[in-house]
>>> print(open('start_14.cif').read())   # mmCIF, C-alpha atoms and all ligand atoms
data_query
#
loop_
_atom_site.label_atom_id
_atom_site.label_comp_id
_atom_site.auth_asym_id
_atom_site.auth_seq_id
_atom_site.Cartn_x
_atom_site.Cartn_y
_atom_site.Cartn_z
CA MET B 1 70.05 137.43 -141.51
CA ARG B 2 72.59 137.52 -138.70
CA ILE B 3 73.88 134.00 -138.23
CA ALA B 4 76.29 132.71 -135.57
CA ILE B 5 78.25 129.56 -136.47
CA ASN B 6 80.05 127.72 -133.67
CA GLY B 7 83.12 125.79 -134.93
CA ILE B 8 85.71 126.45 -137.63
CA GLY B 9 86.40 122.95 -138.90
CA ILE B 10 85.07 121.81 -142.27
CA ALA B 11 81.33 122.52 -142.07
CA GLY B 12 81.56 125.93 -140.32
CA PRO B 13 83.65 127.84 -142.87
CA THR B 14 81.91 126.10 -145.80
CA LEU B 15 78.58 127.33 -144.48
CA ALA B 16 79.99 130.81 -143.86
CA TYR B 17 81.28 130.93 -147.44
CA TRP B 18 77.91 130.14 -149.03
CA LEU B 19 75.94 132.31 -146.58
CA ARG B 20 78.19 135.25 -147.42
CA ARG B 21 77.53 134.62 -151.10
CA SER B 22 73.83 135.23 -150.45
CA GLY B 23 74.47 138.35 -148.38
CA HIS B 24 74.01 137.14 -144.80
CA GLU B 25 75.97 138.57 -141.91
CA VAL B 26 77.98 135.78 -140.28
CA LEU B 27 79.93 135.38 -137.05
CA LEU B 28 82.29 132.39 -136.82
CA ILE B 29 83.36 131.21 -133.36
CA GLU B 30 86.15 128.70 -132.66
CA LYS B 31 87.15 127.45 -129.24
CA SER B 32 90.83 126.95 -130.19
CA GLU B 33 93.08 130.00 -130.06
CA ARG B 34 93.86 129.58 -133.76
CA LEU B 35 93.01 127.26 -136.65
CA ARG B 36 94.04 123.77 -135.66
CA THR B 37 97.09 122.38 -137.52
CA GLY B 38 98.40 118.84 -138.04
CA GLY B 39 96.09 115.97 -137.19
CA TYR B 40 95.02 113.06 -139.28
CA ILE B 41 94.79 112.57 -143.04
CA VAL B 42 91.45 112.16 -144.77
CA ASP B 43 90.50 110.83 -148.17
CA PHE B 44 88.69 113.56 -150.08
CA TRP B 45 86.32 112.85 -152.96
CA GLY B 46 82.65 112.78 -153.91
CA LEU B 47 80.35 115.62 -152.83
CA GLY B 48 83.14 117.41 -150.94
CA TYR B 49 85.29 117.41 -154.07
CA ASP B 50 82.40 118.82 -156.14
CA ILE B 51 81.72 121.61 -153.64
CA ALA B 52 85.41 122.46 -153.26
CA GLU B 53 85.52 122.75 -157.04
CA LYS B 54 82.54 125.14 -157.01
CA MET B 55 84.48 127.20 -154.43
CA GLY B 56 87.59 127.20 -156.66
CA LEU B 57 89.63 125.37 -154.03
CA MET B 58 90.62 122.19 -155.83
CA PRO B 59 93.95 123.42 -157.29
CA ARG B 60 95.15 124.31 -153.76
CA LEU B 61 93.74 121.14 -152.18
CA ARG B 62 95.41 118.97 -154.81
CA GLU B 63 98.68 120.77 -154.20
CA LEU B 64 98.41 120.04 -150.47
CA GLY B 65 97.21 116.50 -151.09
CA TYR B 66 99.00 113.21 -151.55
CA GLN B 67 98.23 110.92 -154.46
CA VAL B 68 98.57 107.74 -152.37
CA GLU B 69 99.61 104.80 -154.55
CA GLU B 70 99.17 101.77 -152.35
CA VAL B 71 97.63 100.53 -149.11
CA ARG B 72 100.05 97.86 -147.91
CA LEU B 73 99.20 95.52 -145.04
CA VAL B 74 102.24 93.88 -143.44
CA ASP B 75 102.82 91.11 -140.92
CA GLN B 76 104.84 91.20 -137.67
CA ARG B 77 108.08 91.16 -139.67
CA GLY B 78 107.06 93.78 -142.20
CA ARG B 79 106.35 91.31 -145.01
CA LYS B 80 103.42 92.16 -147.27
CA SER B 81 100.28 90.25 -146.24
CA GLY B 82 97.57 92.17 -148.10
CA GLY B 83 96.49 95.52 -149.44
CA PHE B 84 95.61 97.08 -152.75
CA ASP B 85 96.54 99.65 -155.34
CA VAL B 86 94.79 102.97 -154.61
CA ASP B 87 94.45 103.48 -158.34
CA VAL B 88 91.18 101.58 -157.95
CA PHE B 89 89.73 104.57 -156.10
CA ARG B 90 91.11 107.08 -158.57
CA ARG B 91 89.77 105.13 -161.52
CA LEU B 92 86.31 104.69 -160.01
CA SER B 93 86.14 108.35 -158.97
CA LYS B 94 87.48 109.46 -162.38
CA GLY B 95 90.57 110.96 -160.78
CA ARG B 96 88.52 113.11 -158.39
CA PHE B 97 90.20 111.72 -155.27
CA THR B 98 93.04 112.94 -153.08
CA SER B 99 94.23 112.48 -149.47
CA LEU B 100 95.23 115.35 -147.21
CA ARG B 101 95.24 116.65 -143.68
CA ARG B 102 91.82 117.53 -142.32
CA SER B 103 93.39 120.71 -140.95
CA ASP B 104 94.69 121.68 -144.41
CA ILE B 105 91.18 121.38 -145.85
CA ALA B 106 89.74 123.44 -142.99
CA ALA B 107 92.41 126.14 -143.40
CA THR B 108 91.90 126.27 -147.18
CA ILE B 109 88.13 126.71 -146.82
CA TYR B 110 88.62 129.34 -144.13
CA GLY B 111 91.15 131.10 -146.37
CA ALA B 112 88.49 131.34 -149.09
CA LEU B 113 86.51 133.68 -146.82
CA ASP B 114 89.28 136.19 -147.41
CA GLY B 115 88.67 138.04 -144.15
CA SER B 116 85.07 138.82 -145.14
CA VAL B 117 83.55 137.10 -142.10
CA GLU B 118 83.85 138.26 -138.49
CA THR B 119 85.72 135.57 -136.57
CA VAL B 120 86.34 135.00 -132.87
CA PHE B 121 88.99 132.50 -131.77
CA GLY B 122 89.37 131.18 -128.22
CA ASP B 123 85.67 131.44 -127.41
CA SER B 124 82.54 129.33 -127.61
CA VAL B 125 78.77 129.57 -127.52
CA THR B 126 77.63 128.75 -123.98
CA ARG B 127 73.98 129.86 -123.94
CA ILE B 128 71.20 129.91 -126.50
CA GLU B 129 67.97 131.75 -125.65
CA ASP B 130 65.47 131.39 -128.48
CA ASP B 131 62.27 133.44 -127.97
CA GLY B 132 60.85 132.46 -131.35
CA HIS B 133 61.75 135.79 -133.01
CA ARG B 134 65.47 135.98 -132.35
CA VAL B 135 68.21 134.23 -130.43
CA ILE B 136 70.34 135.70 -127.66
CA VAL B 137 73.68 133.93 -127.66
CA GLY B 138 75.99 133.87 -124.66
CA PHE B 139 79.73 133.16 -124.96
CA ASP B 140 82.51 131.93 -122.71
CA ALA B 141 84.32 135.26 -123.00
CA ALA B 142 82.48 137.75 -125.25
CA ALA B 143 79.33 139.66 -124.23
CA ASP B 144 75.88 138.38 -125.24
CA ARG B 145 74.77 139.06 -128.82
CA GLU B 146 71.55 138.80 -130.78
CA PHE B 147 71.18 136.66 -133.93
CA ASP B 148 68.46 135.39 -136.23
CA LEU B 149 69.92 131.89 -136.34
CA VAL B 150 72.58 129.82 -134.55
CA VAL B 151 74.39 126.92 -136.18
CA GLY B 152 76.40 124.21 -134.44
CA ALA B 153 79.32 123.22 -136.67
CA ASP B 154 81.33 122.16 -133.65
CA GLY B 155 81.95 118.52 -134.43
CA MET B 156 81.00 115.21 -132.85
CA HIS B 157 81.08 116.60 -129.30
CA SER B 158 78.98 119.63 -130.27
CA ARG B 159 78.30 122.19 -127.54
CA VAL B 160 75.42 123.69 -129.54
CA ARG B 161 73.75 120.27 -129.78
CA GLN B 162 74.04 119.92 -126.04
CA LEU B 163 72.61 123.40 -125.44
CA ALA B 164 69.73 123.32 -127.91
CA PHE B 165 68.85 119.61 -128.00
CA GLU B 166 69.92 117.03 -125.42
CA ALA B 167 73.01 115.45 -123.91
CA GLU B 168 75.47 113.77 -126.31
CA ALA B 169 74.83 110.33 -124.82
CA ASN B 170 71.28 110.44 -126.21
CA PHE B 171 72.57 110.67 -129.79
CA GLU B 172 75.96 108.93 -129.76
CA PHE B 173 76.17 105.40 -131.16
CA SER B 174 79.52 103.75 -130.51
CA LEU B 175 81.06 101.56 -133.23
CA GLY B 176 83.10 99.75 -130.59
CA TYR B 177 86.48 101.29 -131.39
CA HIS B 178 88.77 104.06 -130.22
CA VAL B 179 91.13 106.00 -132.49
CA ALA B 180 94.35 107.87 -131.83
CA ALA B 181 96.58 109.82 -134.20
CA PHE B 182 99.77 111.85 -134.00
CA GLU B 183 102.67 113.06 -136.14
CA ILE B 184 106.39 112.52 -135.58
CA GLU B 185 109.24 114.31 -137.35
CA GLY B 186 112.23 112.35 -138.57
CA TYR B 187 110.75 108.84 -138.21
CA LYS B 188 112.45 106.10 -140.25
CA PRO B 189 111.67 104.02 -142.27
CA ARG B 190 109.65 106.00 -144.77
CA ASP B 191 107.58 104.58 -147.62
CA GLU B 192 106.56 107.45 -149.87
CA LEU B 193 102.92 107.40 -151.00
CA VAL B 194 102.30 104.02 -149.38
CA TYR B 195 99.81 103.74 -146.54
CA MET B 196 101.41 101.05 -144.34
CA GLY B 197 99.22 99.06 -141.96
CA HIS B 198 99.69 96.22 -139.52
CA GLY B 199 96.81 94.46 -137.81
CA VAL B 200 96.43 91.89 -135.06
CA PRO B 201 93.13 90.81 -133.53
CA GLY B 202 91.19 93.91 -132.46
CA ARG B 203 93.97 96.38 -133.23
CA GLN B 204 95.37 98.13 -136.28
CA VAL B 205 98.31 100.53 -136.52
CA SER B 206 99.19 102.48 -139.68
CA ARG B 207 101.74 105.01 -140.77
CA PHE B 208 101.96 107.41 -143.68
CA SER B 209 105.06 109.39 -144.69
CA MET B 210 104.32 113.04 -145.29
CA ARG B 211 106.22 116.08 -146.55
CA ASN B 212 108.83 117.86 -144.39
CA ASP B 213 110.06 114.54 -142.94
CA LYS B 214 106.86 114.03 -140.95
CA THR B 215 105.07 110.72 -140.46
CA LEU B 216 101.43 110.33 -139.45
CA PHE B 217 100.51 107.40 -137.18
CA LEU B 218 96.98 106.13 -136.76
CA PHE B 219 95.88 103.60 -134.14
CA ILE B 220 92.44 102.03 -134.23
CA PHE B 221 91.48 99.47 -131.62
CA ARG B 222 88.47 97.77 -130.13
CA ASP B 223 87.16 99.19 -126.87
CA GLU B 224 88.21 96.14 -124.87
CA TYR B 225 91.87 97.21 -125.26
CA LEU B 226 91.20 100.33 -123.23
CA PRO B 227 91.42 99.45 -119.54
CA SER B 228 89.02 102.08 -118.19
CA ILE B 229 85.62 103.26 -119.29
CA GLY B 230 85.66 106.78 -120.68
CA LEU B 231 88.22 108.66 -122.71
CA PRO B 232 91.74 108.94 -121.27
CA THR B 233 92.74 112.51 -120.42
CA ALA B 234 95.57 114.14 -122.41
CA SER B 235 98.12 112.95 -119.85
CA GLU B 236 96.79 109.36 -119.90
CA ARG B 237 96.80 108.90 -123.67
CA LYS B 238 100.38 107.69 -124.12
CA ALA B 239 100.01 105.09 -121.38
CA ALA B 240 96.71 103.91 -122.90
CA LEU B 241 98.39 103.40 -126.30
CA VAL B 242 101.42 101.64 -124.80
CA ASN B 243 99.06 99.37 -122.90
CA ALA B 244 97.03 98.51 -126.01
CA PHE B 245 99.87 98.18 -128.55
CA ALA B 246 102.99 97.04 -126.65
CA ASP B 247 102.59 93.41 -127.83
CA VAL B 248 101.48 94.15 -131.39
CA GLY B 249 104.85 93.65 -133.10
CA TRP B 250 106.05 95.15 -136.40
CA GLU B 251 107.38 98.68 -135.69
CA CYS B 252 105.18 99.21 -132.62
CA PRO B 253 107.93 99.25 -129.97
CA GLN B 254 109.80 101.88 -131.99
CA ILE B 255 106.65 103.92 -132.71
CA LEU B 256 105.55 103.88 -129.06
CA LEU B 257 109.02 105.00 -128.00
CA ALA B 258 109.02 107.84 -130.56
CA MET B 259 105.52 108.83 -129.36
CA GLN B 260 107.00 109.87 -125.99
CA GLN B 261 108.32 113.10 -127.61
CA VAL B 262 104.89 114.07 -129.00
CA ASP B 263 102.79 116.79 -127.30
CA ASP B 264 99.58 116.57 -129.27
CA ILE B 265 97.76 113.23 -129.55
CA TYR B 266 94.30 113.05 -131.06
CA PHE B 267 92.25 110.45 -129.15
CA ASP B 268 88.53 109.76 -129.37
CA ARG B 269 85.79 107.17 -129.54
CA VAL B 270 84.77 105.98 -132.99
CA SER B 271 81.10 106.90 -132.87
CA GLN B 272 78.25 108.15 -134.96
CA ILE B 273 75.77 110.87 -134.10
CA ARG B 274 72.27 109.76 -134.98
CA MET B 275 69.45 112.28 -134.84
CA ASP B 276 66.01 112.32 -136.40
CA ARG B 277 66.13 116.08 -136.82
CA TRP B 278 68.99 118.52 -137.07
CA THR B 279 67.14 121.74 -136.30
CA LYS B 280 65.14 123.10 -133.40
CA GLY B 281 63.56 126.54 -133.42
CA ARG B 282 66.21 128.92 -134.74
CA THR B 283 69.12 126.51 -134.19
CA ALA B 284 70.55 124.10 -136.78
CA LEU B 285 73.37 121.57 -136.75
CA VAL B 286 75.74 120.73 -139.63
CA GLY B 287 78.57 118.26 -140.21
CA ASP B 288 79.62 115.86 -137.46
CA ALA B 289 77.52 117.82 -134.96
CA ALA B 290 74.38 116.73 -136.85
CA ALA B 291 75.24 113.34 -138.27
CA CYS B 292 78.80 112.17 -137.68
CA VAL B 293 79.27 109.12 -139.91
CA SER B 294 82.65 108.24 -138.28
CA LEU B 295 86.02 107.58 -139.87
CA MET B 296 84.68 104.20 -141.02
CA ALA B 297 82.68 106.03 -143.72
CA GLY B 298 85.78 107.74 -145.12
CA GLU B 299 83.60 110.61 -146.31
CA GLY B 300 82.67 112.73 -143.27
CA THR B 301 84.47 115.77 -144.68
CA GLY B 302 82.60 115.77 -147.97
CA LEU B 303 79.28 115.12 -146.27
CA ALA B 304 79.90 117.98 -143.81
CA MET B 305 80.52 120.27 -146.80
CA ALA B 306 77.38 119.01 -148.54
CA GLU B 307 75.28 119.73 -145.45
CA ALA B 308 76.70 123.24 -145.21
CA TYR B 309 76.12 123.92 -148.91
CA VAL B 310 72.52 122.66 -148.85
CA LEU B 311 71.65 124.54 -145.63
CA ALA B 312 72.96 127.80 -147.12
CA GLY B 313 71.21 127.06 -150.42
CA GLU B 314 67.85 126.38 -148.80
CA LEU B 315 68.12 129.56 -146.72
CA ASN B 316 68.88 131.43 -149.91
CA ASP B 317 65.92 129.89 -151.74
CA SER B 318 63.45 130.44 -148.91
CA LYS B 319 64.10 134.19 -148.77
CA GLY B 320 64.32 134.35 -144.99
CA ASP B 321 61.77 131.67 -144.10
CA HIS B 322 64.09 129.58 -141.97
CA VAL B 323 61.33 127.12 -141.03
CA ALA B 324 60.84 126.12 -144.67
CA ALA B 325 64.61 126.13 -145.29
CA PHE B 326 65.33 123.91 -142.28
CA ALA B 327 62.63 121.46 -143.35
CA ARG B 328 64.02 121.19 -146.90
CA TYR B 329 67.58 120.88 -145.59
CA GLN B 330 66.69 117.89 -143.47
CA GLU B 331 64.39 116.29 -146.03
CA ARG B 332 67.12 116.39 -148.64
CA LEU B 333 69.97 115.06 -146.53
CA ILE B 334 68.85 112.93 -143.59
CA PRO B 335 68.11 109.85 -145.79
CA LEU B 336 71.56 110.08 -147.44
CA LEU B 337 73.32 110.42 -144.08
CA LYS B 338 71.40 107.50 -142.60
CA GLU B 339 72.47 105.35 -145.54
CA LYS B 340 76.12 106.40 -145.14
CA GLN B 341 75.93 105.56 -141.44
CA ARG B 342 74.55 102.10 -142.19
CA ALA B 343 77.38 101.42 -144.66
CA ALA B 344 79.97 102.60 -142.12
CA VAL B 345 78.61 100.22 -139.48
CA LYS B 346 79.01 97.31 -141.92
CA PHE B 347 82.57 98.32 -142.73
CA ALA B 348 83.41 98.77 -139.01
CA SER B 349 82.43 95.21 -138.22
CA ALA B 350 85.13 93.93 -140.60
CA PHE B 351 87.76 96.58 -139.89
CA ALA B 352 89.74 94.99 -137.03
CA PRO B 353 88.61 91.36 -136.75
CA ARG B 354 88.72 89.79 -133.29
CA THR B 355 90.60 86.62 -134.30
CA ARG B 356 93.82 85.79 -136.17
CA LEU B 357 91.81 83.93 -138.78
CA GLY B 358 89.63 86.99 -139.22
CA VAL B 359 92.70 89.21 -139.72
CA ALA B 360 94.14 86.77 -142.27
CA PHE B 361 90.82 86.63 -144.13
CA ARG B 362 90.56 90.42 -144.20
CA ASN B 363 94.11 90.70 -145.56
CA ILE B 364 93.37 88.24 -148.34
CA ALA B 365 90.04 89.94 -149.09
CA SER B 366 91.83 93.29 -149.42
CA ARG B 367 93.95 91.82 -152.23
CA CYS B 368 90.79 91.05 -154.16
CA LEU B 369 90.33 94.77 -154.74
CA GLN B 370 92.95 94.35 -157.46
CA LEU B 371 90.30 92.60 -159.52
CA PRO B 372 88.40 95.25 -161.52
CA VAL B 373 84.98 93.57 -161.33
CA LEU B 374 85.18 93.06 -157.58
CA ALA B 375 86.59 96.54 -157.04
CA GLU B 376 83.70 98.05 -158.97
CA PHE B 377 81.26 95.97 -156.90
CA VAL B 378 82.75 96.76 -153.47
CA VAL B 379 84.40 100.19 -153.84
CA GLY B 380 82.27 101.58 -156.66
CA ARG B 381 79.12 101.21 -154.57
CA GLU B 382 80.73 102.88 -151.57
CA LEU B 383 82.14 105.73 -153.64
CA ARG B 384 78.79 106.62 -155.17
CA ASP B 385 76.78 109.30 -153.40
CA ASP B 386 73.21 108.81 -154.56
CA PHE B 387 72.70 112.57 -154.31
CA VAL B 388 72.87 115.36 -156.87
CA LEU B 389 73.93 118.72 -155.47
CA PRO B 390 71.12 121.21 -156.12
CA ASP B 391 72.00 124.32 -158.10
CA TYR B 392 70.99 127.25 -155.89
CA GLY B 393 72.20 129.86 -158.34
CA PHE B 394 74.43 131.55 -155.75
C1 LIG C 1 90.93 109.46 -137.66
C2 LIG C 1 89.88 110.01 -138.57
C3 LIG C 1 89.95 109.74 -139.94
C4 LIG C 1 89.00 110.28 -140.79
N1 LIG C 1 89.09 109.99 -142.12
C5 LIG C 1 88.25 110.58 -142.97
C6 LIG C 1 88.39 110.37 -144.38
O1 LIG C 1 89.25 109.61 -144.86
N2 LIG C 1 87.57 111.06 -145.22
C7 LIG C 1 86.62 111.93 -144.75
O2 LIG C 1 85.95 112.57 -145.56
N3 LIG C 1 86.44 112.11 -143.43
C8 LIG C 1 87.22 111.46 -142.53
N4 LIG C 1 87.04 111.65 -141.19
C9 LIG C 1 85.88 112.45 -140.71
C10 LIG C 1 86.08 113.96 -140.82
O3 LIG C 1 87.28 114.37 -140.21
C11 LIG C 1 84.89 114.67 -140.17
O4 LIG C 1 83.69 114.10 -140.61
C12 LIG C 1 84.91 116.16 -140.49
O5 LIG C 1 86.07 116.76 -139.98
C13 LIG C 1 83.65 116.83 -139.94
O6 LIG C 1 83.76 118.24 -140.08
P1 LIG C 1 83.05 119.21 -139.04
O7 LIG C 1 83.35 120.59 -139.51
O8 LIG C 1 81.65 118.80 -138.84
O9 LIG C 1 83.77 118.93 -137.64
P2 LIG C 1 85.29 119.15 -137.26
O10 LIG C 1 86.17 119.02 -138.44
O11 LIG C 1 85.52 118.26 -136.10
O12 LIG C 1 85.35 120.68 -136.76
C14 LIG C 1 84.69 121.10 -135.60
C15 LIG C 1 85.34 122.40 -135.15
O13 LIG C 1 84.60 122.92 -134.04
C16 LIG C 1 85.48 123.32 -133.03
N5 LIG C 1 84.78 123.20 -131.75
C17 LIG C 1 84.52 122.09 -131.04
N6 LIG C 1 83.85 122.39 -129.92
C18 LIG C 1 83.67 123.73 -129.94
C19 LIG C 1 83.04 124.63 -129.05
N7 LIG C 1 82.46 124.23 -127.91
N8 LIG C 1 83.02 125.95 -129.37
C20 LIG C 1 83.61 126.39 -130.51
N9 LIG C 1 84.23 125.57 -131.38
C21 LIG C 1 84.26 124.27 -131.11
C22 LIG C 1 86.66 122.36 -133.14
O14 LIG C 1 87.82 122.90 -132.54
C23 LIG C 1 86.77 122.24 -134.66
O15 LIG C 1 87.58 123.25 -135.19
C24 LIG C 1 87.94 111.08 -140.29
C25 LIG C 1 87.85 111.33 -138.92
C26 LIG C 1 88.80 110.79 -138.06
C27 LIG C 1 88.66 111.03 -136.58
#
>>> encode(input="start_14.cif", output="structure tokens", more="lines below")
Ligand SMILES: Cc1cc2nc3c(=O)[nH]c(=O)nc-3n(C[C@H](O)[C@H](O)[C@H](O)COP(=O)(O)OP(=O)(O)OC[C@H]3O[C@@H](n4cnc5c(N)ncnc54)[C@H](O)[C@@H]3O)c2cc1C
Amino acid sequence: MRIAINGIGIAGPTLAYWLRRSGHEVLLIEKSERLRTGGYIVDFWGLGYDIAEKMGLMPRLRELGYQVEEVRLVDQRGRKSGGFDVDVFRRLSKGRFTSLRRSDIAATIYGALDGSVETVFGDSVTRIEDDGHRVIVGFDAAADREFDLVVGADGMHSRVRQLAFEAEANFEFSLGYHVAAFEIEGYKPRDELVYMGHGVPGRQVSRFSMRNDKTLFLFIFRDEYLPSIGLPTASERKAALVNAFADVGWECPQILLAMQQVDDIYFDRVSQIRMDRWTKGRTALVGDAAACVSLMAGEGTGLAMAEAYVLAGELNDSKGDHVAAFARYQERLIPLLKEKQRAAVKFASAFAPRTRLGVAFRNIASRCLQLPVLAEFVVGRELRDDFVLPDYGF
């Protein structure tokens, strides 16, 4: 089949890889002019790790990754107030756990296509006309083209979802937070392989020292610390962060000052996408476009890869019957994704407590992860993916 995939993040190139393996003709479309670089760090494990291994990518991903040793929570003066040894995660995942830039994972997966897939950068799907037998796809720049299927792998704010289903607002469920992230070169102090975090009621700021003298900063804060409704534009982001974090203490004044030199700030709502079906006619959604679990799940990357792998596998098994393949794809994965979303909502409620007492309690609770029995109970459950990847014999 001829299949157009909108979005070259995690899900898009994973899907392209497995579709190519079963002989389909794929077009990948990405709205950015090139693969996005930088950005935030993600923890990578579980289903994503298994699929990356099947694709032969783990040696490269481990090379790019960081084996984080400790999550350290500190008070206003930088004194340790909580945290845990990340070894807990490695032990419970049997060493199949690493942390790396989302953009490095995306680039590694895309690299695995080895130029075998037609790719268009700086463009986007803008029209989908499905007459039941084929789909005519319109683009921002390129001329219309005909496909058998169209897939939206274009993230939480999916254009394909909007075109083929309904407006984002009908599927977005806010977790009550906003998130911002950026990188700075030359920031001091550095704490190698330690994820440093400082929280006050409703707000949390973290930093992680990376290679090449870079430091990643992550800000997560409750919606009430954003003065206006709606996302700040690119030029309003710095002011929004200064407004929310100026009185937070620790290294915040220094971080906010250093932020002034940064051009690229990631800023978004912390939301989930909840849909009862991920396909309509000849269009399907994968990854965050279909079922964003949010950063509170810590597993969106792996789940996006699992969705891509299963969609390609079901299309392979159904020998061209996309109706049957789409049905199996959703049957297999929607229950798992709903469960992951429920768990993320629970975690979100405790992430940045609203009161000082709540912050203190959270910090103490985080120390309890040092205890093996408790760690197994809390983390072990979250790390398990009650899902076995089908073997599609690709
Ligand atoms: C701060 C933060 C921390 C996170 N931490 C973790 C973690 O620890 N572990 C984890 O597993 N996950 C984590 N996640 C979630 C993870 O990043 C996502 O679930 C994952 O990237 C989803 O992959 P995707 O391919 O569906 O979407 P994306 O990675 O968002 O890729 C979508 C792609 O589509 C492109 N695109 C968008 N619109 C269009 C358009 N109109 N036309 C063409 N292309 C378009 C985008 O440019 C992008 O390249 C985190 C997320 C955030 C925000």
>>> residues_around(input="start_14.cif", residues="stretch 281-284 of chain B", least_positions_apart="4", cutoff="6 Å", atoms="all atoms listed in the file", output="list in words")
Leu149, Val150 and Val151 of chain B
>>> residues_around(input="start_14.cif", residues="B:Leu57", least_positions_apart="4", cutoff="8 Å", atoms="only C-alpha atoms", output="NGL selection string")
:B and (52-53 or 61 or 108-109 or 112)
>>> residues_around(input="start_14.cif", residues="B:Arg354", least_positions_apart="3", cutoff="12 Å", atoms="all atoms listed in the file", output="number ranges by chain")
B: 176-177, 199-204, 221-225, 348-351, 357-362
>>> residues_near_ligand(input="start_14.cif", ligand="ligand LIG 1 (chain C)", cutoff="7 Å", atoms="only C-alpha atoms and all ligand atoms", output="PyMOL selection string")
chain B and resi 6-12+29-32+35-36+40-44+102+123-125+153-159+179-181+218+286-289+292-295+298-302+304
>>> closest_residue(input="start_14.cif", among="B:Asn316, B:Thr119, B:Gln341, B:Thr98", to="B:Ala142", atoms="only C-alpha atoms")
B:Thr119
>>> closest_residue(input="start_14.cif", among="B:Arg21, B:His133, B:His322, B:Arg342", to="B:Gln272", atoms="all atoms listed in the file")
B:Arg342
>>> atom_distance(input="start_14.cif", atom1="atom CA of B:Ser209", atom2="atom CA of B:Glu192")
5.7 Å
>>> closest_residue(input="start_14.cif", among="B:Leu371, B:Lys238, B:Ile273, B:Ser103", to="B:Asp87", atoms="all atoms listed in the file")
B:Leu371
>>> closest_residue(input="start_14.cif", among="B:Val117, B:Arg367, B:Asp385, B:Leu303", to="B:Phe84", atoms="all atoms listed in the file")
B:Arg367
>>> residues_around(input="start_14.cif", residues="B:Phe165", least_positions_apart="2", cutoff="12 Å", atoms="all atoms listed in the file", output="NGL selection string")
:B and (128 or 152 or 158-163 or 167-171 or 275-285 or 289-290)
>>> atom_distance(input="start_14.cif", atom1="atom CA of B:Arg91", atom2="atom CA of B:Lys346")
23.7 Å
>>> residues_around(input="start_14.cif", residues="B:Val137", least_positions_apart="4", cutoff="6 Å", atoms="all atoms listed in the file", output="ChimeraX atom specification")
/B:127-128,144-145
>>> write_last_selection(input="start_14.cif", atoms="C-alpha atoms", output="PDB file, in the frame of the given file")
ATOM      1  CA  ARG B 127      73.980 129.860-123.940  1.00  0.00           C
ATOM      2  CA  ILE B 128      71.200 129.910-126.500  1.00  0.00           C
ATOM      3  CA  ASP B 144      75.880 138.380-125.240  1.00  0.00           C
ATOM      4  CA  ARG B 145      74.770 139.060-128.820  1.00  0.00           C
TER       5      ARG B 145
END
>>> atom_distance(input="start_14.cif", atom1="atom CA of B:Ile51", atom2="atom CA of B:Ala306")
7.2 Å
>>> closest_residue(input="start_14.cif", among="B:Thr14, B:Ser116, B:Ser174, B:Ser93", to="B:Arg269", atoms="all atoms listed in the file")
B:Ser174
>>> closest_residue(input="start_14.cif", among="B:Ser99, B:Gln330, B:Thr37, B:Ser206", to="B:Arg72", atoms="all atoms listed in the file")
B:Ser206
>>> axis_aligned_box(input="start_14.cif", around="stretch 263-272 of chain B", padding_each_side="8 Å", output="JSON")
{"center_x": 90.5, "center_y": 111.4, "center_z": -131.1, "size_x": 40.5, "size_y": 26.8, "size_z": 23.7}
>>> residues_near_point(input="start_14.cif", point="(95.2, 93.8, -152.3)", cutoff="12 Å", atoms="only C-alpha atoms", output="PyMOL selection string")
chain B and resi 70-74+80-88+361-372+374-375
>>> residues_near_point(input="start_14.cif", point="(89.9, 120.2, -154.9)", cutoff="10 Å", atoms="all atoms listed in the file", output="JSON, numbers by chain")
{"B": [44, 45, 48, 49, 50, 51, 52, 53, 54, 55, 56, 57, 58, 59, 60, 61, 62, 63, 64, 65, 96, 97, 98, 105]}
>>> write_last_selection(input="start_14.cif", atoms="C-alpha atoms", output="tab-separated table (two decimals), in the frame of the given file")
chain	number	residue	atom	x	y	z
B	44	PHE	CA	88.69	113.56	-150.08
B	45	TRP	CA	86.32	112.85	-152.96
B	48	GLY	CA	83.14	117.41	-150.94
B	49	TYR	CA	85.29	117.41	-154.07
B	50	ASP	CA	82.40	118.82	-156.14
B	51	ILE	CA	81.72	121.61	-153.64
B	52	ALA	CA	85.41	122.46	-153.26
B	53	GLU	CA	85.52	122.75	-157.04
B	54	LYS	CA	82.54	125.14	-157.01
B	55	MET	CA	84.48	127.20	-154.43
B	56	GLY	CA	87.59	127.20	-156.66
B	57	LEU	CA	89.63	125.37	-154.03
B	58	MET	CA	90.62	122.19	-155.83
B	59	PRO	CA	93.95	123.42	-157.29
B	60	ARG	CA	95.15	124.31	-153.76
B	61	LEU	CA	93.74	121.14	-152.18
B	62	ARG	CA	95.41	118.97	-154.81
B	63	GLU	CA	98.68	120.77	-154.20
B	64	LEU	CA	98.41	120.04	-150.47
B	65	GLY	CA	97.21	116.50	-151.09
B	96	ARG	CA	88.52	113.11	-158.39
B	97	PHE	CA	90.20	111.72	-155.27
B	98	THR	CA	93.04	112.94	-153.08
B	105	ILE	CA	91.18	121.38	-145.85
